[in-house]
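Pasted below: my_file26.csv, CSV, C-alpha atoms.
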```
chain,number,residue,atom,x,y,z
A,114,MET,CA,163.9,-129.9,139.2
A,115,GLU,CA,165.2,-128.9,135.7
A,116,SER,CA,164.0,-125.4,136.3
A,117,LYS,CA,165.9,-125.2,139.5
A,118,ASP,CA,169.1,-126.5,137.9
A,119,LEU,CA,168.7,-124.0,135.0
A,120,HIS,CA,168.4,-121.2,137.6
A,121,VAL,CA,171.6,-122.3,139.3
A,122,ILE,CA,173.4,-122.5,136.0
A,123,GLU,CA,172.3,-119.0,135.1
A,124,HIS,CA,173.6,-117.7,138.5
A,125,MET,CA,176.9,-119.4,137.9
A,126,GLU,CA,177.2,-117.9,134.5
A,127,GLU,CA,176.4,-114.5,135.9
A,128,LEU,CA,179.0,-114.9,138.6
A,129,ARG,CA,181.6,-116.0,136.0
A,130,SER,CA,180.8,-113.0,133.9
A,131,ARG,CA,181.3,-110.6,136.9
A,132,ILE,CA,184.6,-112.3,137.8
A,133,ILE,CA,185.9,-112.0,134.2
A,134,LYS,CA,185.0,-108.3,134.1
A,135,THR,CA,186.8,-107.7,137.4
A,136,LEU,CA,189.9,-109.5,136.1
A,137,ILE,CA,189.9,-107.6,132.9
A,138,GLY,CA,189.7,-104.4,134.9
A,139,PHE,CA,192.6,-105.5,137.1
A,140,VAL,CA,194.8,-106.3,134.0
A,141,ALA,CA,193.9,-102.9,132.5
A,142,PHE,CA,194.8,-101.0,135.8
A,143,PHE,CA,198.0,-103.1,136.1
A,144,ILE,CA,199.2,-102.1,132.6
A,145,LEU,CA,198.4,-98.5,133.3
A,146,SER,CA,200.2,-98.6,136.7
A,147,PHE,CA,203.2,-100.3,135.1
A,148,ILE,CA,203.5,-97.4,132.6
A,149,PHE,CA,204.0,-95.0,135.5
A,150,VAL,CA,205.7,-97.5,137.9
A,151,GLN,CA,209.1,-95.7,137.8
A,152,ASP,CA,207.5,-92.5,139.0
A,153,ILE,CA,205.7,-94.4,141.8
A,154,TYR,CA,208.9,-96.1,142.7
A,155,GLU,CA,210.7,-92.7,143.1
A,156,LEU,CA,207.9,-91.4,145.2
A,157,LEU,CA,208.1,-94.4,147.6
A,158,ILE,CA,211.8,-94.2,148.2
A,159,LYS,CA,212.1,-90.4,148.3
A,160,ASP,CA,212.7,-90.4,152.1
A,161,LEU,CA,215.1,-93.3,152.0
A,162,GLU,CA,218.8,-92.5,152.4
A,163,GLY,CA,220.8,-93.9,149.5
A,164,LYS,CA,219.7,-96.3,146.8
A,165,LEU,CA,218.3,-99.8,147.2
A,166,ALA,CA,220.4,-102.7,146.0
A,167,VAL,CA,219.3,-105.3,143.5
A,168,LEU,CA,220.8,-108.8,143.2
A,169,GLY,CA,219.9,-109.3,139.5
A,170,PRO,CA,217.8,-107.9,136.6
A,171,SER,CA,214.9,-110.1,137.5
A,172,GLU,CA,214.6,-108.4,140.9
A,173,ILE,CA,214.0,-105.0,139.2
A,174,LEU,CA,211.2,-106.5,137.2
A,175,TRP,CA,209.7,-108.2,140.4
A,176,VAL,CA,209.7,-104.9,142.3
A,177,TYR,CA,208.1,-103.0,139.5
A,178,MET,CA,205.5,-105.7,139.0
A,179,ILE,CA,204.6,-105.8,142.7
A,180,ILE,CA,204.2,-102.0,142.9
A,181,ALA,CA,202.0,-102.0,139.8
A,182,ALA,CA,200.0,-104.9,141.3
A,183,VAL,CA,199.2,-103.1,144.5
A,184,CYS,CA,198.2,-100.0,142.6
A,185,ALA,CA,196.0,-102.1,140.4
A,186,ILE,CA,194.4,-103.8,143.4
A,187,ALA,CA,193.5,-100.4,144.9
A,188,ALA,CA,192.0,-99.2,141.6
A,189,THR,CA,190.1,-102.5,141.0
A,190,ILE,CA,188.3,-102.4,144.4
A,191,PRO,CA,185.5,-100.1,143.2
A,192,LEU,CA,185.0,-102.2,140.1
A,193,ALA,CA,185.0,-105.4,142.0
A,194,ALA,CA,182.5,-103.9,144.5
A,195,PHE,CA,180.3,-102.8,141.6
A,196,GLN,CA,180.3,-106.3,140.1
A,197,VAL,CA,179.4,-107.8,143.4
A,198,TRP,CA,176.6,-105.2,143.7
A,199,ARG,CA,175.3,-106.1,140.2
A,200,PHE,CA,175.4,-109.8,141.1
A,201,VAL,CA,173.2,-109.4,144.3
A,202,ALA,CA,171.1,-106.5,143.0
A,203,PRO,CA,168.3,-108.6,141.5
A,204,ALA,CA,167.7,-110.1,145.0
A,205,LEU,CA,167.4,-106.6,146.6
A,206,LYS,CA,164.5,-104.2,146.8
A,207,PRO,CA,164.8,-100.9,144.8
A,208,GLU,CA,165.6,-98.9,147.9
A,209,GLU,CA,168.1,-101.5,149.0
A,210,ARG,CA,169.9,-101.3,145.7
A,211,LYS,CA,170.3,-97.5,146.0
A,212,VAL,CA,171.6,-97.7,149.6
A,213,THR,CA,174.1,-100.5,148.9
A,214,PHE,CA,175.3,-98.8,145.8
A,215,ARG,CA,176.5,-95.9,147.9
A,216,PHE,CA,178.9,-98.2,149.7
A,217,ILE,CA,181.1,-98.6,146.6
A,218,PRO,CA,183.1,-95.3,146.8
A,219,GLY,CA,183.6,-95.9,150.5
A,220,LEU,CA,185.4,-99.1,149.9
A,221,PHE,CA,188.0,-97.4,147.8
A,222,ILE,CA,188.4,-94.5,150.2
A,223,LEU,CA,188.8,-96.7,153.3
A,224,PHE,CA,191.3,-98.9,151.4
A,225,ILE,CA,193.4,-95.8,150.6
A,226,ILE,CA,193.1,-94.6,154.3
A,227,GLY,CA,194.2,-98.0,155.5
A,228,ILE,CA,197.2,-98.1,153.3
A,229,SER,CA,198.1,-94.5,154.1
A,230,PHE,CA,198.0,-95.3,157.8
A,231,GLY,CA,200.3,-98.3,157.3
A,232,TYR,CA,202.7,-96.4,155.1
A,233,PHE,CA,202.9,-93.0,156.8
A,234,VAL,CA,202.3,-94.0,160.5
A,235,LEU,CA,203.3,-97.6,161.1
A,236,PHE,CA,205.9,-98.4,158.5
A,237,PRO,CA,208.4,-95.6,159.5
A,238,ILE,CA,208.1,-96.7,163.2
A,239,VAL,CA,208.6,-100.4,162.5
A,240,LEU,CA,211.4,-99.8,160.1
A,241,GLY,CA,213.1,-97.4,162.5
A,242,PHE,CA,212.8,-100.0,165.3
A,243,LEU,CA,214.3,-102.7,163.2
A,244,THR,CA,217.2,-100.6,161.9
A,245,SER,CA,217.9,-99.5,165.4
A,246,LEU,CA,218.6,-103.1,166.4
A,247,SER,CA,221.5,-103.2,163.9
A,248,ALA,CA,223.2,-100.0,165.2
A,249,GLY,CA,226.8,-100.7,165.9
A,250,GLN,CA,226.4,-104.4,165.3
A,251,PHE,CA,225.6,-104.9,161.6
A,252,GLU,CA,226.1,-103.0,158.3
A,253,MET,CA,222.6,-102.5,157.0
A,254,MET,CA,222.0,-102.8,153.3
A,255,PHE,CA,218.5,-102.9,151.8
A,256,THR,CA,217.7,-104.8,148.6
A,257,ALA,CA,214.8,-103.5,146.6
A,258,GLU,CA,213.0,-106.9,146.8
A,259,LYS,CA,213.3,-107.3,150.6
A,260,TYR,CA,212.4,-103.7,151.2
A,261,PHE,CA,209.2,-103.6,149.1
A,262,ARG,CA,208.2,-107.1,150.2
A,263,PHE,CA,208.4,-105.9,153.8
A,264,MET,CA,206.6,-102.7,153.1
A,265,ILE,CA,203.7,-104.3,151.2
A,266,ASN,CA,203.3,-107.2,153.8
A,267,LEU,CA,203.0,-104.5,156.5
A,268,ILE,CA,200.7,-101.9,154.8
A,269,LEU,CA,198.5,-104.0,152.5
A,270,PRO,CA,196.6,-105.8,155.4
A,271,PHE,CA,195.6,-102.4,156.7
A,272,GLY,CA,194.0,-101.4,153.4
A,273,ILE,CA,191.8,-104.5,153.7
A,274,LEU,CA,191.1,-104.3,157.5
A,275,PHE,CA,190.1,-100.6,157.3
A,276,GLU,CA,187.2,-101.7,155.1
A,277,MET,CA,185.7,-103.6,158.0
A,278,PRO,CA,183.1,-101.0,159.0
A,279,LEU,CA,181.7,-100.6,155.5
A,280,VAL,CA,181.6,-104.4,154.9
A,281,VAL,CA,179.8,-104.9,158.2
A,282,MET,CA,177.3,-102.2,157.3
A,283,PHE,CA,176.7,-103.8,153.9
A,284,LEU,CA,176.2,-107.3,155.4
A,285,THR,CA,173.9,-105.8,158.0
A,286,ARG,CA,171.9,-104.1,155.4
A,287,LEU,CA,171.5,-107.4,153.6
A,288,GLY,CA,170.4,-109.1,156.8
A,289,ILE,CA,173.5,-111.4,156.9
A,290,LEU,CA,174.9,-109.7,160.1
A,291,ASN,CA,173.4,-107.9,163.0
A,292,PRO,CA,174.8,-106.1,166.0
A,293,THR,CA,173.8,-108.8,168.5
A,294,ARG,CA,175.9,-111.4,166.6
A,295,LEU,CA,178.8,-109.0,166.5
A,296,LYS,CA,178.6,-108.3,170.2
A,297,LYS,CA,178.4,-111.9,171.1
A,298,SER,CA,181.6,-112.6,169.0
A,299,ARG,CA,183.5,-109.6,170.4
A,300,LYS,CA,185.9,-111.7,172.5
A,301,ILE,CA,186.7,-114.0,169.6
A,302,SER,CA,187.1,-111.1,167.2
A,303,TYR,CA,189.3,-109.2,169.6
A,304,PHE,CA,191.5,-112.3,170.0
A,305,ALA,CA,191.8,-112.7,166.2
A,306,LEU,CA,192.6,-109.0,165.7
A,307,VAL,CA,195.3,-109.2,168.4
A,308,ILE,CA,196.8,-112.2,166.7
A,309,VAL,CA,196.8,-110.4,163.4
A,310,SER,CA,198.5,-107.4,164.9
A,311,ILE,CA,201.2,-109.4,166.5
A,312,LEU,CA,201.9,-111.3,163.3
A,313,ILE,CA,202.4,-108.2,161.2
A,314,THR,CA,204.5,-106.2,163.6
A,315,PRO,CA,207.9,-106.7,165.2
A,316,PRO,CA,208.1,-108.0,168.8
A,317,ASP,CA,207.9,-104.7,170.7
A,318,LEU,CA,205.0,-103.3,172.7
A,319,ILE,CA,204.8,-99.9,171.0
A,320,SER,CA,204.4,-101.4,167.5
A,321,ASP,CA,201.8,-103.9,168.8
A,322,ILE,CA,199.8,-101.1,170.5
A,323,LEU,CA,199.9,-98.9,167.3
A,324,VAL,CA,198.3,-101.7,165.4
A,325,ILE,CA,196.0,-103.3,168.0
A,326,VAL,CA,194.3,-100.1,169.1
A,327,PRO,CA,193.2,-98.9,165.6
A,328,LEU,CA,191.9,-102.4,164.8
A,329,LEU,CA,189.9,-102.7,168.0
A,330,VAL,CA,188.5,-99.2,167.4
A,331,LEU,CA,187.5,-100.2,163.9
A,332,TYR,CA,185.7,-103.2,165.2
A,333,GLU,CA,183.7,-101.1,167.8
A,334,VAL,CA,182.9,-98.6,165.1
A,335,SER,CA,181.7,-101.5,162.9
A,336,VAL,CA,179.4,-102.7,165.8
A,337,GLN,CA,177.9,-99.2,166.2
A,338,LEU,CA,177.4,-98.7,162.5
A,339,SER,CA,175.8,-102.2,162.3
A,340,ASN,CA,173.5,-101.2,165.2
A,341,ILE,CA,172.4,-98.0,163.3
A,342,VAL,CA,171.8,-99.8,160.0
A,343,TYR,CA,170.0,-102.6,161.8
A,344,ARG,CA,167.6,-100.2,163.6
A,345,LYS,CA,166.8,-98.4,160.4
A,346,ARG,CA,166.1,-101.7,158.7
A,347,LEU,CA,163.7,-102.8,161.5
A,348,LEU,CA,161.9,-99.4,161.3
A,349,ARG,CA,161.5,-99.8,157.5
A,350,GLU,CA,160.1,-103.3,158.0
A,351,GLN,CA,157.7,-102.2,160.7
A,352,SER,CA,156.5,-99.3,158.5
A,353,ALA,CA,156.0,-101.6,155.6
A,354,PHE,CA,154.1,-104.2,157.7
A,355,PRO,CA,152.4,-102.2,160.5
A,356,VAL,CA,151.1,-104.2,163.4
A,357,THR,CA,147.2,-104.0,163.5
```
Can you give me the file's structure in the form of structure tokens?
Amino acid sequence: MESKDLHVIEHMEELRSRIIKTLIGFVAFFILSFIFVQDIYELLIKDLEGKLAVLGPSEILWVYMIIAAVCAIAATIPLAAFQVWRFVAPALKPEERKVTFRFIPGLFILFIIGISFGYFVLFPIVLGFLTSLSAGQFEMMFTAEKYFRFMINLILPFGILFEMPLVVMFLTRLGILNPTRLKKSRKISYFALVIVSILITPPDLISDILVIVPLLVLYEVSVQLSNIVYRKRLLREQSAFPVT
């Protein structure tokens, strides 16, 4: 019993160490991003007519901090994934360690693709739709805080959701998920993705479709990738333990 408790404590200490390293990395990336935050800010508003308004000095700081935080999150993803891999690696076979290690760069790439989709495709459409509602009725004025809060709330979920295929592959590789389970939960997953799409888009059909379709495609891609990984896993197990 004491040996088991000691083993659990060691695992908790290891988890704590991984979390601390990830947080240190986030802080380092945050500081680095904050150094160049004005250049990033100029890049984000280059297509915006006029300048954004601020209601006080603290709002400027908030905007800069939230931009730096998003950049730091993006940069921290590979580090966080590596720490997770190091935590579960002792429980994996040597071949499994090599395979799962290859997922780490993909997490960062898919996160960037998701954010790019949200920023370059969805954000201009949604912003254009909302500003068109005020045509001839209201005088539109954007504050920096409201503008960037709206932007980040719209595009950041896509950075996370676009990682779905790789996460599903990783969990399938570890035996936590399988394509059969994903297929059985398809209706529930579709419903959840539709709800998410409706919540993060304005109430018009075009915006909803622009979000729903990619998310459903991502789910189906995840199912197919899970199926491929699952089959390879079964073949490896059969070759390791041949039926006599």
Could you list, as a PDB file with C-alpha atoms, in the frame of the given file, every residue within 12 Å of stretch 232-240 of chain A, counting all atoms listed in the file and ignoring same-chain residues fewer than 6 positions away?
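The file below, out35.pdb, is the result:
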```
ATOM      1  CA  LEU A 157     208.100 -94.400 147.600  1.00  0.00           C
ATOM      2  CA  ILE A 158     211.800 -94.200 148.200  1.00  0.00           C
ATOM      3  CA  ASP A 160     212.700 -90.400 152.100  1.00  0.00           C
ATOM      4  CA  LEU A 161     215.100 -93.300 152.000  1.00  0.00           C
ATOM      5  CA  ILE A 225     193.400 -95.800 150.600  1.00  0.00           C
ATOM      6  CA  ILE A 226     193.100 -94.600 154.300  1.00  0.00           C
ATOM      7  CA  LEU A 246     218.600-103.100 166.400  1.00  0.00           C
ATOM      8  CA  SER A 247     221.500-103.200 163.900  1.00  0.00           C
ATOM      9  CA  MET A 253     222.600-102.500 157.000  1.00  0.00           C
ATOM     10  CA  PHE A 255     218.500-102.900 151.800  1.00  0.00           C
ATOM     11  CA  TYR A 260     212.400-103.700 151.200  1.00  0.00           C
ATOM     12  CA  PHE A 261     209.200-103.600 149.100  1.00  0.00           C
ATOM     13  CA  PHE A 263     208.400-105.900 153.800  1.00  0.00           C
ATOM     14  CA  MET A 264     206.600-102.700 153.100  1.00  0.00           C
ATOM     15  CA  ILE A 265     203.700-104.300 151.200  1.00  0.00           C
ATOM     16  CA  ASN A 266     203.300-107.200 153.800  1.00  0.00           C
ATOM     17  CA  LEU A 267     203.000-104.500 156.500  1.00  0.00           C
ATOM     18  CA  ILE A 268     200.700-101.900 154.800  1.00  0.00           C
ATOM     19  CA  LEU A 269     198.500-104.000 152.500  1.00  0.00           C
ATOM     20  CA  PRO A 270     196.600-105.800 155.400  1.00  0.00           C
ATOM     21  CA  PHE A 271     195.600-102.400 156.700  1.00  0.00           C
ATOM     22  CA  GLY A 272     194.000-101.400 153.400  1.00  0.00           C
ATOM     23  CA  SER A 310     198.500-107.400 164.900  1.00  0.00           C
ATOM     24  CA  ILE A 313     202.400-108.200 161.200  1.00  0.00           C
ATOM     25  CA  THR A 314     204.500-106.200 163.600  1.00  0.00           C
ATOM     26  CA  PRO A 315     207.900-106.700 165.200  1.00  0.00           C
ATOM     27  CA  PRO A 316     208.100-108.000 168.800  1.00  0.00           C
ATOM     28  CA  ASP A 317     207.900-104.700 170.700  1.00  0.00           C
ATOM     29  CA  LEU A 318     205.000-103.300 172.700  1.00  0.00           C
ATOM     30  CA  ILE A 319     204.800 -99.900 171.000  1.00  0.00           C
ATOM     31  CA  SER A 320     204.400-101.400 167.500  1.00  0.00           C
ATOM     32  CA  ASP A 321     201.800-103.900 168.800  1.00  0.00           C
ATOM     33  CA  ILE A 322     199.800-101.100 170.500  1.00  0.00           C
ATOM     34  CA  LEU A 323     199.900 -98.900 167.300  1.00  0.00           C
ATOM     35  CA  VAL A 324     198.300-101.700 165.400  1.00  0.00           C
ATOM     36  CA  ILE A 325     196.000-103.300 168.000  1.00  0.00           C
ATOM     37  CA  PRO A 327     193.200 -98.900 165.600  1.00  0.00           C
TER      38      PRO A 327
END
```
Which residues of stretch 265-336 of chain A sit at most 12 Å from stretch 193-205 of chain A, using only C-alpha atoms? Give each one's shortest atom pair and distance in Å (one decimal place), in chain and ascending residue order, as a tab-separated table.
```
residue	atom	partner	partner_atom	distance
A:Glu276	CA	A:Ala194	CA	11.8
A:Leu279	CA	A:Ala194	CA	11.5
A:Val280	CA	A:Ala194	CA	10.5
A:Phe283	CA	A:Trp198	CA	10.3
A:Leu284	CA	A:Val201	CA	11.7
A:Arg286	CA	A:Leu205	CA	10.2
A:Leu287	CA	A:Leu205	CA	8.2
A:Gly288	CA	A:Leu205	CA	10.9
```
Legend entry - Residue with smallest distance to A:Val183 - pool A:Ile144, A:Phe251, A:Pro207, A:Pro278, counting only C-alpha atoms: A:Ile144
Inset, instruction - Using all atoms listed in the file, pick whichever of A:Val330, A:Ile308, A:Lys206, A:Ile190 has the shortest atom-to-atom distance to A:Ile273. - result: A:Ile190
Legend entry - A:Ile180, A:Ile217, A:Leu168, A:Met282 ranked by distance to A:Arg346, top pick (using only C-alpha atoms): A:Met282
Inset, instruction - Go ahead and compute the interatomic distance for atom CA of A:Phe143 and atom CA of A:Cys184, in Å to one decimal. - result: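 One can read the atom CA of A:Phe143 to atom CA of A:Cys184 distance as 7.2 Å.
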Legend entry - Computed interatomic separation between atom CA of A:Val150 and atom CA of A:Met178 (Å):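 Calculated distance between atom CA of A:Val150 and atom CA of A:Met178 is 8.3 Å.
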Inset, instruction - Go through A:Ala181, A:Leu192, A:Ile301, A:Ile186 and flag the residue nearest A:Lys134, using all atoms listed in the file for the distances. - result: A:Leu192
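One finds atom CA of A:Phe224 at 17.1 Å from atom CA of A:Thr135.
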